[in-house]
$ cat query04.txt   # compact mmCIF, C-alpha atoms
# COMPACT_ATOMS: atom_id res chain seq x y z
CA ARG A 10 21.10 22.05 -2.48
CA LYS A 11 22.04 18.63 -3.77
CA ILE A 12 19.15 16.63 -5.28
CA ILE A 13 19.39 12.83 -5.12
CA PHE A 14 16.96 11.06 -7.43
CA GLU A 15 17.05 7.58 -9.01
CA LYS A 16 20.74 6.98 -8.11
CA GLN A 17 21.65 10.37 -9.62
CA TRP A 18 22.77 13.48 -7.78
CA PHE A 19 22.77 16.97 -9.27
CA TYR A 20 22.24 20.68 -8.62
CA LEU A 21 19.32 22.57 -10.17
CA ASP A 22 21.08 25.96 -10.46
CA ASN A 23 21.51 25.73 -14.24
CA ALA A 24 17.84 24.76 -14.75
CA ILE A 25 16.59 28.21 -13.68
CA GLY A 26 15.35 30.19 -16.68
CA HIS A 27 14.58 27.18 -18.88
CA ILE A 28 11.05 26.12 -19.84
CA TYR A 29 9.28 23.02 -18.46
CA GLY A 30 9.95 19.93 -20.55
CA THR A 31 13.62 20.75 -21.15
CA THR A 32 15.91 17.73 -21.12
CA PHE A 33 19.22 18.10 -19.30
CA GLU A 34 22.35 16.02 -19.17
CA VAL A 35 24.15 15.57 -15.84
CA THR A 36 27.80 16.51 -16.29
CA SER A 37 30.72 16.05 -13.91
CA GLY A 38 30.20 17.83 -10.58
CA GLY A 39 26.43 17.35 -10.74
CA ASN A 40 25.83 20.33 -13.05
CA LEU A 41 22.98 20.29 -15.55
CA GLN A 42 23.51 21.13 -19.21
CA PRO A 43 20.67 21.32 -21.76
CA LYS A 44 20.92 18.25 -23.98
CA GLN A 45 21.39 18.93 -27.67
CA GLU A 46 19.18 16.81 -29.86
CA VAL A 47 21.29 14.48 -31.97
CA GLU A 48 19.67 12.66 -34.86
CA GLU A 49 20.12 8.95 -34.45
CA THR A 50 21.80 7.41 -37.44
CA THR A 51 19.67 4.35 -38.02
CA THR A 52 20.95 2.05 -40.72
CA GLU A 53 18.20 0.65 -42.91
CA THR A 54 19.84 -2.75 -43.20
CA LYS A 55 19.64 -3.54 -39.49
CA GLU A 56 20.59 -7.08 -38.57
CA ALA A 57 17.93 -8.78 -36.49
CA GLY A 58 16.79 -12.31 -35.78
CA THR A 59 13.38 -13.80 -36.50
CA ASP A 60 12.63 -14.94 -32.94
CA ASN A 61 14.22 -15.20 -29.47
CA ARG A 62 13.61 -18.88 -28.76
CA ASN A 63 17.27 -19.92 -29.16
CA ILE A 64 18.66 -17.17 -26.90
CA VAL A 65 19.75 -18.51 -23.50
CA ASP A 66 20.23 -16.07 -20.62
CA ASP A 67 23.34 -17.63 -19.08
CA GLY A 68 25.05 -14.34 -18.19
CA LYS A 69 27.95 -14.97 -20.60
CA SER A 70 26.65 -13.04 -23.61
CA GLN A 71 28.24 -9.72 -22.53
CA LYS A 72 32.02 -9.57 -22.91
CA LEU A 73 32.41 -6.29 -20.96
CA THR A 74 32.69 -6.84 -17.22
CA HIS A 75 31.50 -4.52 -14.45
CA ASP A 76 35.09 -3.29 -13.94
CA ASP A 77 35.42 -2.48 -17.66
CA ILE A 78 32.28 -0.36 -17.59
CA LYS A 79 33.50 1.42 -14.44
CA ALA A 80 36.83 2.15 -16.16
CA LEU A 81 34.96 3.63 -19.14
CA LYS A 82 32.98 5.88 -16.79
CA ASP A 83 36.17 7.01 -15.02
CA LYS A 84 37.66 8.00 -18.37
CA GLY A 85 34.73 10.36 -18.89
CA ILE A 86 33.09 8.45 -21.73
CA LYS A 87 29.44 9.46 -22.14
CA GLY A 88 26.51 7.12 -21.61
CA GLN A 89 25.66 6.93 -25.32
CA GLU A 90 29.13 5.60 -26.16
CA ILE A 91 28.96 3.07 -23.29
CA VAL A 92 25.64 1.76 -24.65
CA GLN A 93 27.20 1.43 -28.13
CA GLN A 94 30.11 -0.56 -26.72
CA LEU A 95 27.70 -2.83 -24.81
CA ILE A 96 25.85 -3.53 -28.08
CA GLU A 97 29.10 -4.31 -29.93
CA ASN A 98 30.34 -6.64 -27.16
CA SER A 99 27.05 -8.54 -26.87
CA THR A 100 27.13 -11.94 -28.60
CA THR A 101 23.33 -12.35 -28.66
CA PHE A 102 22.30 -8.82 -29.73
CA ARG A 103 22.23 -9.60 -33.49
CA ASP A 104 20.13 -12.73 -32.93
CA LYS A 105 17.38 -10.83 -31.09
CA THR A 106 14.26 -9.58 -32.86
CA GLU A 107 13.97 -5.92 -33.80
CA PHE A 108 11.56 -5.28 -30.93
CA ALA A 109 13.86 -7.03 -28.43
CA GLN A 110 16.82 -4.96 -29.68
CA ASP A 111 14.89 -1.69 -29.15
CA LYS A 112 13.92 -2.86 -25.67
CA TYR A 113 17.56 -3.72 -24.86
CA ILE A 114 18.83 -0.30 -26.04
CA LYS A 115 16.12 1.52 -24.10
CA LYS A 116 16.97 -0.40 -20.92
CA LYS A 117 20.71 0.30 -21.18
CA LYS A 118 20.15 3.98 -21.98
CA LYS A 119 18.07 4.34 -18.83
CA LYS A 120 20.85 2.76 -16.79
CA TYR A 121 23.92 4.53 -18.20
CA GLU A 122 22.72 7.82 -19.70
CA ALA A 123 22.41 10.55 -17.05
CA VAL A 124 19.51 12.42 -18.66
CA ILE A 125 16.82 14.34 -16.75
CA THR A 126 13.64 16.04 -18.00
CA ILE A 127 11.98 18.61 -15.75
CA VAL A 128 8.20 18.59 -16.11
CA LYS A 129 5.51 20.86 -14.66
CA PRO A 130 3.88 19.29 -11.57
CA SER A 131 0.26 18.19 -11.87
CA THR A 132 -2.19 16.00 -9.97
CA ARG A 133 -1.70 13.12 -12.41
CA ILE A 134 2.11 13.16 -12.20
CA LEU A 135 2.24 13.54 -8.40
CA SER A 136 -0.40 10.89 -7.69
CA THR A 137 1.30 8.44 -10.07
CA MET A 138 4.66 9.12 -8.42
CA TYR A 139 3.34 8.73 -4.86
CA TYR A 140 1.45 5.53 -5.75
CA ALA A 141 4.53 4.01 -7.40
CA ARG A 142 7.11 5.01 -4.77
CA GLU A 143 5.36 5.59 -1.41
CA PRO A 144 1.76 4.29 -1.57
CA GLY A 145 1.56 3.98 2.24
CA LYS A 146 1.81 7.76 2.63
CA ILE A 147 -1.35 8.30 0.57
CA ASN A 148 -3.31 5.31 2.00
CA HIS A 149 -2.84 3.42 -1.30
CA LEU A 150 -5.04 5.95 -3.12
CA ARG A 151 -4.65 5.15 -6.82
CA TYR A 152 -4.72 7.97 -9.37
CA ASP A 153 -7.89 6.77 -11.12
CA THR A 154 -9.68 6.62 -7.75
CA LEU A 155 -8.55 10.20 -7.03
CA ALA A 156 -9.98 11.28 -10.40
CA GLN A 157 -13.30 9.61 -9.49
CA MET A 158 -13.32 11.48 -6.17
CA LEU A 159 -12.89 14.86 -7.84
CA THR A 160 -15.68 14.08 -10.33
CA LEU A 161 -18.15 12.65 -7.79
CA GLY A 162 -17.43 15.55 -5.42
CA ASN A 163 -18.26 18.08 -8.19
CA VAL A 164 -15.06 20.03 -7.44
CA ARG A 165 -15.05 23.25 -9.47
CA ALA A 166 -14.09 26.92 -9.23
CA GLY A 167 -16.12 29.00 -6.80
CA ASN A 168 -17.06 26.10 -4.51
CA LYS A 169 -16.83 26.04 -0.74
CA MET A 170 -15.27 22.63 -0.06
CA ILE A 171 -14.54 20.74 3.15
CA VAL A 172 -11.56 18.37 2.83
CA MET A 173 -10.53 15.86 5.48
CA GLU A 174 -7.51 13.81 4.41
CA THR A 175 -4.42 12.09 5.73
CA CYS A 176 -2.78 11.56 2.32
CA ALA A 177 0.18 13.95 2.83
CA GLY A 178 -1.81 16.80 1.23
CA LEU A 179 -2.26 15.11 -2.18
CA VAL A 180 -6.08 15.23 -2.15
CA LEU A 181 -6.00 18.85 -0.92
CA GLY A 182 -3.58 19.77 -3.74
CA ALA A 183 -5.81 18.05 -6.32
CA VAL A 184 -8.85 20.01 -5.10
CA MET A 185 -6.89 23.28 -5.13
CA GLU A 186 -5.64 22.63 -8.66
CA ARG A 187 -9.15 21.98 -9.98
CA MET A 188 -10.60 25.05 -8.22
CA GLY A 189 -7.89 27.24 -9.72
CA GLY A 190 -7.66 29.66 -6.77
CA TYR A 191 -11.39 30.55 -6.81
CA GLY A 192 -13.67 29.64 -3.93
CA SER A 193 -12.70 28.52 -0.44
CA ILE A 194 -11.39 25.28 1.07
CA ILE A 195 -11.61 24.25 4.72
CA GLN A 196 -9.10 21.56 5.65
CA MET A 197 -9.97 19.52 8.71
CA TYR A 198 -6.87 18.07 10.36
CA PRO A 199 -6.08 15.70 13.25
CA GLY A 200 -3.26 16.35 15.72
CA GLY A 201 -1.24 19.54 16.08
CA GLY A 202 -1.44 20.87 12.54
CA PRO A 203 -2.22 20.08 8.88
CA VAL A 204 0.24 18.04 6.78
CA ARG A 205 0.83 19.54 3.33
CA ALA A 206 3.98 17.86 2.01
CA ALA A 207 2.43 16.93 -1.36
CA THR A 208 0.55 20.24 -1.62
CA SER A 209 3.83 22.18 -1.58
CA CYS A 210 5.07 20.09 -4.54
CA PHE A 211 2.35 21.53 -6.82
CA GLY A 212 4.07 24.94 -6.83
CA PHE A 213 0.84 26.93 -6.48
CA PRO A 214 1.07 30.75 -6.55
CA LYS A 215 0.65 32.59 -3.27
CA HIS A 216 -2.97 33.73 -3.87
CA PHE A 217 -4.11 30.07 -3.97
CA PHE A 218 -3.51 29.89 -0.20
CA ASP A 219 -5.48 33.05 0.62
CA ASN A 220 -8.80 31.15 0.74
CA LEU A 221 -7.38 27.99 2.32
CA HIS A 222 -8.60 27.60 5.91
CA GLU A 223 -7.85 24.95 8.51
CA PHE A 224 -9.77 23.64 11.50
CA PRO A 225 -8.83 20.96 14.07
CA LEU A 226 -11.00 17.82 14.26
CA SER A 227 -10.81 17.93 18.06
CA LYS A 228 -13.00 21.08 18.13
CA VAL A 229 -15.73 19.88 15.72
CA ASP A 230 -17.98 18.46 18.46
CA SER A 231 -17.72 21.61 20.58
CA LEU A 232 -18.50 23.71 17.47
CA LEU A 233 -21.63 21.63 16.73
CA SER A 234 -22.81 21.83 20.34
CA GLY A 235 -22.07 25.58 20.46
CA THR A 236 -19.65 25.31 23.36
CA ILE A 237 -16.44 26.12 21.46
CA SER A 238 -14.01 27.93 23.75
CA THR A 239 -13.09 31.09 21.84
CA GLU A 240 -10.18 32.39 23.87
CA THR A 241 -10.12 36.08 24.72
CA LEU A 242 -9.05 37.59 21.43
CA PRO A 243 -7.80 41.20 21.48
CA SER A 244 -9.74 43.48 19.14
CA GLU A 245 -6.50 44.76 17.59
CA PRO A 246 -2.95 43.42 17.65
CA GLU A 247 -1.74 46.81 18.97
CA ASP A 248 -3.03 45.83 22.43
CA ASN A 249 -0.22 43.31 22.68
CA SER A 250 2.39 45.84 21.62
CA LEU A 251 1.19 48.27 24.36
CA VAL A 252 1.68 45.59 26.98
CA GLU A 253 5.06 44.84 25.51
CA GLU A 254 6.05 48.54 25.59
CA GLU A 255 5.12 48.71 29.28
CA SER A 256 7.17 45.62 30.01
CA ASN A 257 9.99 47.12 27.95
CA GLY A 258 9.90 50.22 30.15
CA LEU A 259 10.17 48.09 33.29
CA SER A 260 13.06 46.16 31.84
CA ASP A 261 14.78 49.43 30.88
CA GLU A 262 14.56 50.55 34.54
CA LYS A 263 16.07 47.23 35.60
CA GLN A 264 18.85 47.72 33.08
CA THR A 265 19.66 51.20 34.44
CA SER A 266 19.74 49.87 38.01
CA LEU A 267 22.08 47.10 36.89
CA GLN A 268 24.30 49.61 35.16
CA GLU A 269 24.38 51.81 38.32
CA THR A 270 25.42 48.90 40.54
CA GLU A 271 28.10 47.89 38.05
CA GLU A 272 29.43 51.46 37.90
CA GLU A 273 29.63 51.60 41.72
CA SER A 274 31.59 48.36 41.85
CA THR A 275 34.00 49.61 39.18
CA THR A 276 34.64 52.89 41.07
CA GLU A 277 35.44 50.97 44.26
CA ALA A 278 37.90 48.80 42.35
CA ALA A 279 39.43 51.88 40.72
CA MET A 280 40.64 53.23 44.08
CA GLU A 281 42.78 50.12 44.61
CA ILE A 282 43.98 49.52 41.04
CA ASN A 283 46.04 51.78 38.84
CA GLN A 284 44.59 53.84 35.98
CA THR A 285 45.38 51.40 33.13
CA GLU A 286 43.68 48.47 34.86
CA GLU A 287 40.68 50.70 35.63
CA GLN A 288 40.30 51.47 31.90
CA GLU A 289 40.39 47.76 31.00
CA THR A 290 37.72 46.84 33.56
CA MET A 291 35.51 49.70 32.32
CA ASP A 292 35.79 48.37 28.75
CA ILE A 293 34.92 44.83 29.84
CA ASN A 294 31.89 46.04 31.81
CA ALA A 295 30.71 48.11 28.84
CA GLU A 296 30.93 45.01 26.64
CA ASP A 297 28.94 42.97 29.19
CA VAL A 298 26.20 45.61 29.29
CA GLU A 299 26.05 45.69 25.49
CA PHE A 300 25.80 41.89 25.36
CA GLN A 301 22.95 41.95 27.92
CA ASP A 302 21.20 44.71 25.95
CA ASN A 303 21.40 42.68 22.71
CA LYS A 304 20.23 39.52 24.45
CA GLU A 305 17.22 41.25 26.01
CA LYS A 306 16.34 42.88 22.69
CA GLU A 307 16.39 39.47 20.99
CA ASN A 308 14.18 38.02 23.75
CA LYS A 309 11.70 40.90 23.35
CA GLU A 310 11.59 40.39 19.58
CA ASN A 311 11.03 36.65 20.00
CA VAL A 312 8.20 37.24 22.49
CA ARG A 313 6.62 39.85 20.20
CA GLU A 314 6.86 37.51 17.19
CA LYS A 315 5.39 34.62 19.18
CA GLN A 316 2.47 36.74 20.39
CA ARG A 317 1.82 37.99 16.86
CA LYS A 318 1.73 34.40 15.49
CA GLN A 319 -0.60 33.28 18.29
CA TRP A 320 -2.90 36.23 17.58
CA GLU A 321 -2.97 35.44 13.83
CA ARG A 322 -3.62 31.73 14.45
CA ARG A 323 -6.47 32.48 16.86
CA LYS A 324 -7.97 34.96 14.42
CA LYS A 325 -7.87 32.40 11.58
CA LEU A 326 -9.45 29.75 13.82
CA ILE A 327 -12.38 32.04 14.64
CA GLU A 328 -12.81 32.96 10.96
CA THR A 329 -12.90 29.26 10.00
CA ALA A 330 -15.37 28.49 12.80
CA ALA A 331 -17.63 31.27 11.46
CA LEU A 332 -17.43 29.76 7.95
CA LEU A 333 -18.36 26.30 9.26
CA ARG A 334 -21.26 27.69 11.36
CA GLU A 335 -22.93 28.86 8.13
CA LYS A 336 -23.43 25.14 7.27
CA ASN A 337 -23.52 25.85 3.54
CA ALA A 338 -20.51 23.92 2.19
CA ASP A 339 -20.83 22.82 -1.46
CA GLY A 340 -19.13 19.48 -0.97
CA LEU A 341 -17.27 17.15 1.37
CA ILE A 342 -14.30 14.91 0.57
CA VAL A 343 -12.94 12.45 3.15
CA ALA A 344 -9.83 10.32 2.53
CA SER A 345 -8.22 9.34 5.82
CA LYS A 346 -6.76 6.44 7.76
CA PHE A 347 -9.43 6.88 10.46
CA HIS A 348 -12.79 5.09 10.57
CA PRO A 349 -15.08 7.04 8.20
CA THR A 350 -18.40 6.68 10.09
CA PRO A 351 -17.91 9.19 12.98
CA LEU A 352 -16.02 11.57 10.68
CA LEU A 353 -18.73 11.62 8.03
CA LEU A 354 -21.69 11.85 10.42
CA SER A 355 -20.21 14.91 12.16
CA LEU A 356 -18.89 16.69 9.05
CA LEU A 357 -22.13 16.22 7.04
CA GLU A 358 -23.72 18.75 9.45
CA PHE A 359 -21.72 21.52 7.75
CA VAL A 360 -22.78 20.60 4.18
CA ALA A 361 -25.75 22.33 2.51
CA PRO A 362 -28.64 20.24 1.14
CA SER A 363 -28.43 18.85 -2.41
CA ARG A 364 -24.62 18.73 -2.32
CA PRO A 365 -22.34 15.75 -3.03
CA PHE A 366 -19.99 13.99 -0.61
CA VAL A 367 -17.30 11.35 -1.25
CA VAL A 368 -15.52 9.08 1.23
CA TYR A 369 -12.45 7.02 0.33
CA CYS A 370 -11.23 4.01 2.27
CA GLN A 371 -8.63 1.41 1.42
CA TYR A 372 -10.93 -1.34 2.74
CA LYS A 373 -14.58 -2.17 2.03
CA GLU A 374 -15.82 -3.13 5.52
CA PRO A 375 -15.64 0.35 7.19
CA LEU A 376 -17.54 1.85 4.25
CA LEU A 377 -20.23 -0.86 4.49
CA GLU A 378 -20.75 0.10 8.13
CA CYS A 379 -20.83 3.76 7.13
CA TYR A 380 -23.40 2.94 4.40
CA THR A 381 -25.79 1.25 6.86
CA LYS A 382 -25.43 4.08 9.42
CA LEU A 383 -26.29 6.67 6.77
CA ARG A 384 -29.33 4.65 5.65
CA GLU A 385 -30.55 4.55 9.27
CA ARG A 386 -29.90 8.26 9.83
CA GLY A 387 -31.44 9.50 6.58
CA GLY A 388 -30.76 12.89 5.03
CA VAL A 389 -28.86 11.37 2.08
CA ILE A 390 -29.88 9.95 -1.29
CA ASN A 391 -28.16 8.18 -4.20
CA LEU A 392 -25.78 6.29 -1.90
CA LYS A 393 -23.25 4.28 -3.89
CA LEU A 394 -20.36 2.08 -2.83
CA SER A 395 -18.00 1.53 -5.76
CA GLU A 396 -14.56 0.26 -6.70
CA THR A 397 -12.73 1.25 -9.88
CA TRP A 398 -10.84 -1.31 -11.95
CA LEU A 399 -7.73 -0.15 -13.79
CA ARG A 400 -5.66 -1.93 -16.40
CA ASN A 401 -2.73 -0.37 -18.24
CA TYR A 402 -2.11 -1.10 -21.91
CA GLN A 403 1.11 -0.88 -23.87
CA VAL A 404 0.37 0.81 -27.20
CA LEU A 405 3.24 0.32 -29.68
CA PRO A 406 3.33 -0.61 -33.38
CA ASP A 407 2.61 -4.36 -33.86
CA ARG A 408 2.85 -5.05 -30.11
CA SER A 409 -0.10 -3.42 -28.28
CA HIS A 410 -1.28 -5.54 -25.39
CA PRO A 411 -2.34 -5.27 -21.71
CA LYS A 412 0.62 -4.88 -19.39
CA LEU A 413 1.60 -8.05 -17.58
CA THR A 414 1.52 -6.47 -14.11
CA MET A 415 -1.42 -4.50 -12.74
CA SER A 416 -2.46 -3.21 -9.30
CA GLY A 417 -4.71 -5.48 -7.27
CA GLY A 418 -7.04 -2.79 -5.93
CA GLY A 419 -7.41 0.97 -5.79
CA GLY A 420 -9.58 1.27 -2.69
CA TYR A 421 -13.32 1.92 -2.35
CA LEU A 422 -15.51 5.01 -2.64
CA LEU A 423 -18.78 5.83 -0.90
CA SER A 424 -20.63 8.71 -2.54
CA GLY A 425 -24.02 10.33 -2.15
CA ILE A 426 -26.02 13.56 -2.14
CA THR A 427 -27.32 15.38 0.95
CA VAL A 428 -30.99 16.29 1.38
CA VAL A 429 -32.88 18.13 4.12
CA LEU A 430 -33.28 15.84 7.12
CA ASP A 431 -36.89 16.16 8.34
CA LYS A 432 -36.60 15.54 12.09
CA THR A 433 -40.18 16.62 12.93
CA LYS A 434 -41.80 13.63 11.18
CA SER A 435 -42.57 10.76 13.49
CA ASP A 436 -40.56 7.77 12.42
CA CYS A 437 -42.60 4.68 11.67
CA SER A 438 -41.38 1.31 12.84
CA ASP A 439 -39.44 -0.91 10.45
CA SER A 440 -42.29 -3.41 10.08
CA GLU A 441 -44.83 -0.70 9.22
CA ALA A 442 -42.47 0.80 6.69
CA LEU A 443 -42.00 -2.60 5.07
CA LYS A 444 -45.76 -3.13 4.93
CA MET A 445 -46.22 0.20 3.19
CA GLU A 446 -43.54 -0.66 0.61
CA GLU A 447 -44.83 -4.18 -0.14
CA PRO A 448 -47.47 -4.64 -2.87
CA SER A 449 -50.98 -5.72 -1.76
CA SER A 450 -50.75 -9.22 -3.26
CA LYS A 451 -47.57 -9.93 -1.29
CA ARG A 452 -49.13 -8.58 1.94
CA CYS A 453 -52.10 -10.97 1.54
CA LYS A 454 -49.82 -13.97 1.11
CA VAL A 455 -47.80 -13.02 4.20
CA GLN A 456 -51.00 -12.65 6.28
CA ASP A 457 -52.28 -16.07 5.10
CA LEU A 458 -49.02 -17.70 6.10
CA HIS A 459 -49.20 -16.18 9.58
CA CYS A 460 -52.79 -17.49 10.02
$ encode --input "query04.txt" --output "structure tokens"
Amino acid sequence: RKIIFEKQWFYLDNAIGHIYGTTFEVTSGGNLQPKQEVEETTTETKEAGTDNRNIVDDGKSQKLTHDDIKALKDKGIKGQEIVQQLIENSTTFRDKTEFAQDKYIKKKKKKYEAVITIVKPSTRILSTMYYAREPGKINHLRYDTLAQMLTLGNVRAGNKMIVMETCAGLVLGAVMERMGGYGSIIQMYPGGGPVRAATSCFGFPKHFFDNLHEFPLSKVDSLLSGTISTETLPSEPEDNSLVEEESNGLSDEKQTSLQETEEESTTEAAMEINQTEEQETMDINAEDVEFQDNKEKENKENVREKQRKQWERRKKLIETAALLREKNADGLIVASKFHPTPLLLSLLEFVAPSRPFVVYCQYKEPLLECYTKLRERGGVINLKLSETWLRNYQVLPDRSHPKLTMSGGGGYLLSGITVVLDKTKSDCSDSEALKMEEPSSKRCKVQDLHC
């Protein structure tokens, strides 16, 4: 299919068989050709100015017009030659500093050279791409915040992780990549089914999905209360096929009765019509019967396929429910557009003691509420609410400096570790607890003041 990316369109047929990191040039017709490395002939005596203070951007420095450049493209002149002509026709190019000239060439090459490099997908590349192009789809989750989540959540091979996210499958993909196909992941999802658009972009092998389970959020409460409605599941899928065979037999009888009635009608018509017309009507009726047979066969296959999918889905749901009932998950990661407090309080029930959990939210206030609720509830230690600060630096010879533009915020993280919640202990009142915590000298002063 045609790929449209950054104002370029091309077909990836010619890329098959090449290694990742290969650079291609887009030729006429959208075909890709591996680019041959050409050594740039850099003249040592390069004319350059001392500074750019006298250069005025009045839009008149370039002699080539837009129509001239379009005419050059129509002639089939390559991007490299167009860039060279732009340099030659620029009146201010020679007055620019060496660094400014390099910047100008780089900018024009990006615009006019149709060059594409295919790289292997990774969490870093995909998260950077999503944050730069469609941050709303991933709840403005910045790539450094995602890295913090994976570290704080202790994501590693062999874990049993619970992931609840509405970030187009990016967080799920990051967890799967770090686990490397070992261990199991339970994805909690809202609505009709899980969204895994970003997960499919990772290009994981098939066995990575063998231990990926899914469970709807709507059934979490019923699972915790023990009232989950496990629909009557047949012990074996053959039960369905037996029912289908019986129904097939009934439909076959109906077909034969239909055929008999049609044959009777044709014989009655044959007495009135001559032999040639009788043959034609017989042929038409035979075709109708064949068409009905094919249609009914297709319907039976569709029903059988639908029943098989329903059976598989129900079986997977029961397997996932059994995994959650064990309540021994090694970690919990939440990154969703929903309020984190009810989500976290219900999902923490499935996490084993002494295991980490991480919650991401774009805003601070919901996490503050979640923090206070967890402190009241107990069963968690080492609660931390944090925000990472990221600044990009340009590192180039003689011109390394922080980049002029930087992101305002990368969201907030609430992390902690689960412990056994002792429900048998009688809870002391807040005032008594405060008295116990306060040193004796402070208690005396407080009592004196009250007197």
$ residues_around --input "query04.txt" --residues "Gln157 of chain A" --least-positions-apart "6" --cutoff "10 Å" --atoms "all atoms listed in the file" --output "PyMOL selection string"
chain A and resi 163+367+396-397+422
$ atom_distance --input "query04.txt" --atom1 "atom CA of Asp407 of chain A" --atom2 "atom CA of Asn61 of chain A"
16.5 Å
$ closest_atom_pairs --input "query04.txt" --of "segment 119-147 of chain A" --to "segment 184-207 of chain A" --cutoff "12 Å" --atoms "all atoms listed in the file" --output "Markdown table"
| residue | atom | partner | partner_atom | distance |
| --- | --- | --- | --- | --- |
| A:Pro130 | CA | A:Glu186 | CA | 10.5 |
| A:Ser131 | CA | A:Glu186 | CA | 8.1 |
| A:Thr132 | CA | A:Glu186 | CA | 7.6 |
| A:Arg133 | CA | A:Glu186 | CA | 11.0 |
| A:Ile134 | CA | A:Ala207 | CA | 11.5 |
| A:Leu135 | CA | A:Ala207 | CA | 7.8 |
| A:Ser136 | CA | A:Ala207 | CA | 9.2 |
| A:Met138 | CA | A:Ala207 | CA | 10.8 |
| A:Tyr139 | CA | A:Ala207 | CA | 9.0 |
| A:Glu143 | CA | A:Ala207 | CA | 11.7 |
| A:Lys146 | CA | A:Ala207 | CA | 10.0 |
| A:Ile147 | CA | A:Ala207 | CA | 9.6 |
$ atom_distance --input "query04.txt" --atom1 "atom CA of Thr106 of chain A" --atom2 "atom CA of His75 of chain A"
25.7 Å
$ closest_residue --input "query04.txt" --among "A:Ile237, A:Leu399, A:Ile12, A:Leu181" --to "Phe211 of chain A" --atoms "only C-alpha atoms"
A:Leu181
$ atom_distance --input "query04.txt" --atom1 "atom CA of Gln93 of chain A" --atom2 "atom CA of Lys112 of chain A"
14.2 Å
$ closest_residue --input "query04.txt" --among "A:Met415, A:Val429, A:Val312, A:Leu159" --to "Leu341 of chain A" --atoms "all atoms listed in the file"
A:Leu159
$ closest_residue --input "query04.txt" --among "A:Gln110, A:Ser234, A:Gln319, A:Asn220" --to "Met170 of chain A" --atoms "only C-alpha atoms"
A:Asn220
$ closest_residue --input "query04.txt" --among "A:Ala166, A:Asp153, A:Lys79, A:Gln71" --to "Glu97 of chain A" --atoms "all atoms listed in the file"
A:Gln71
$ residues_near_point --input "query04.txt" --point "(-18.8, 22.1, -5.7)" --cutoff "8 Å" --atoms "only C-alpha atoms" --output "compact mmCIF listing (two decimals) with C-alpha atoms, in the coordinates of the input"
# COMPACT_ATOMS: atom_id res chain seq x y z
CA GLY A 162 -17.43 15.55 -5.42
CA ASN A 163 -18.26 18.08 -8.19
CA VAL A 164 -15.06 20.03 -7.44
CA ARG A 165 -15.05 23.25 -9.47
CA ALA A 166 -14.09 26.92 -9.23
CA GLY A 167 -16.12 29.00 -6.80
CA ASN A 168 -17.06 26.10 -4.51
CA LYS A 169 -16.83 26.04 -0.74
CA MET A 170 -15.27 22.63 -0.06
CA ASP A 339 -20.83 22.82 -1.46
CA GLY A 340 -19.13 19.48 -0.97
CA ARG A 364 -24.62 18.73 -2.32
CA PRO A 365 -22.34 15.75 -3.03
$ closest_residue --input "query04.txt" --among "A:Arg151, A:Pro225, A:Arg384, A:Lys315" --to "Gly417 of chain A" --atoms "all atoms listed in the file"
A:Arg151
$ closest_residue --input "query04.txt" --among "A:His222, A:Lys304, A:Arg313, A:Arg142" --to "Lys325 of chain A" --atoms "all atoms listed in the file"
A:His222
$ residues_near_point --input "query04.txt" --point "(-20.1, 21.9, 15.5)" --cutoff "9 Å" --atoms "all atoms listed in the file" --output "list in words"
Lys228, Val229, Asp230, Ser231, Leu232, Leu233, Ser234, Gly235, Thr236, Ile237, Ala330, Leu333, Arg334, Ser355, Leu356, Glu358 and Phe359 of chain A
$ residues_around --input "query04.txt" --residues "segment 401-403 of chain A" --least-positions-apart "4" --cutoff "10 Å" --atoms "all atoms listed in the file" --output "list of chain:residue names"
A:Arg408, A:Ser409, A:His410, A:Pro411, A:Lys412, A:Leu413, A:Thr414, A:Met415, A:Ser416
$ residues_around --input "query04.txt" --residues "Lys105 of chain A" --least-positions-apart "5" --cutoff "10 Å" --atoms "all atoms listed in the file" --output "PyMOL selection string"
chain A and resi 56-64+110-111+113
$ residues_around --input "query04.txt" --residues "segment 17-19 of chain A" --least-positions-apart "2" --cutoff "9 Å" --atoms "only C-alpha atoms" --output "JSON, numbers by chain"
{"A": [10, 11, 12, 13, 14, 15, 21, 35, 36, 38, 39, 40, 41, 123]}
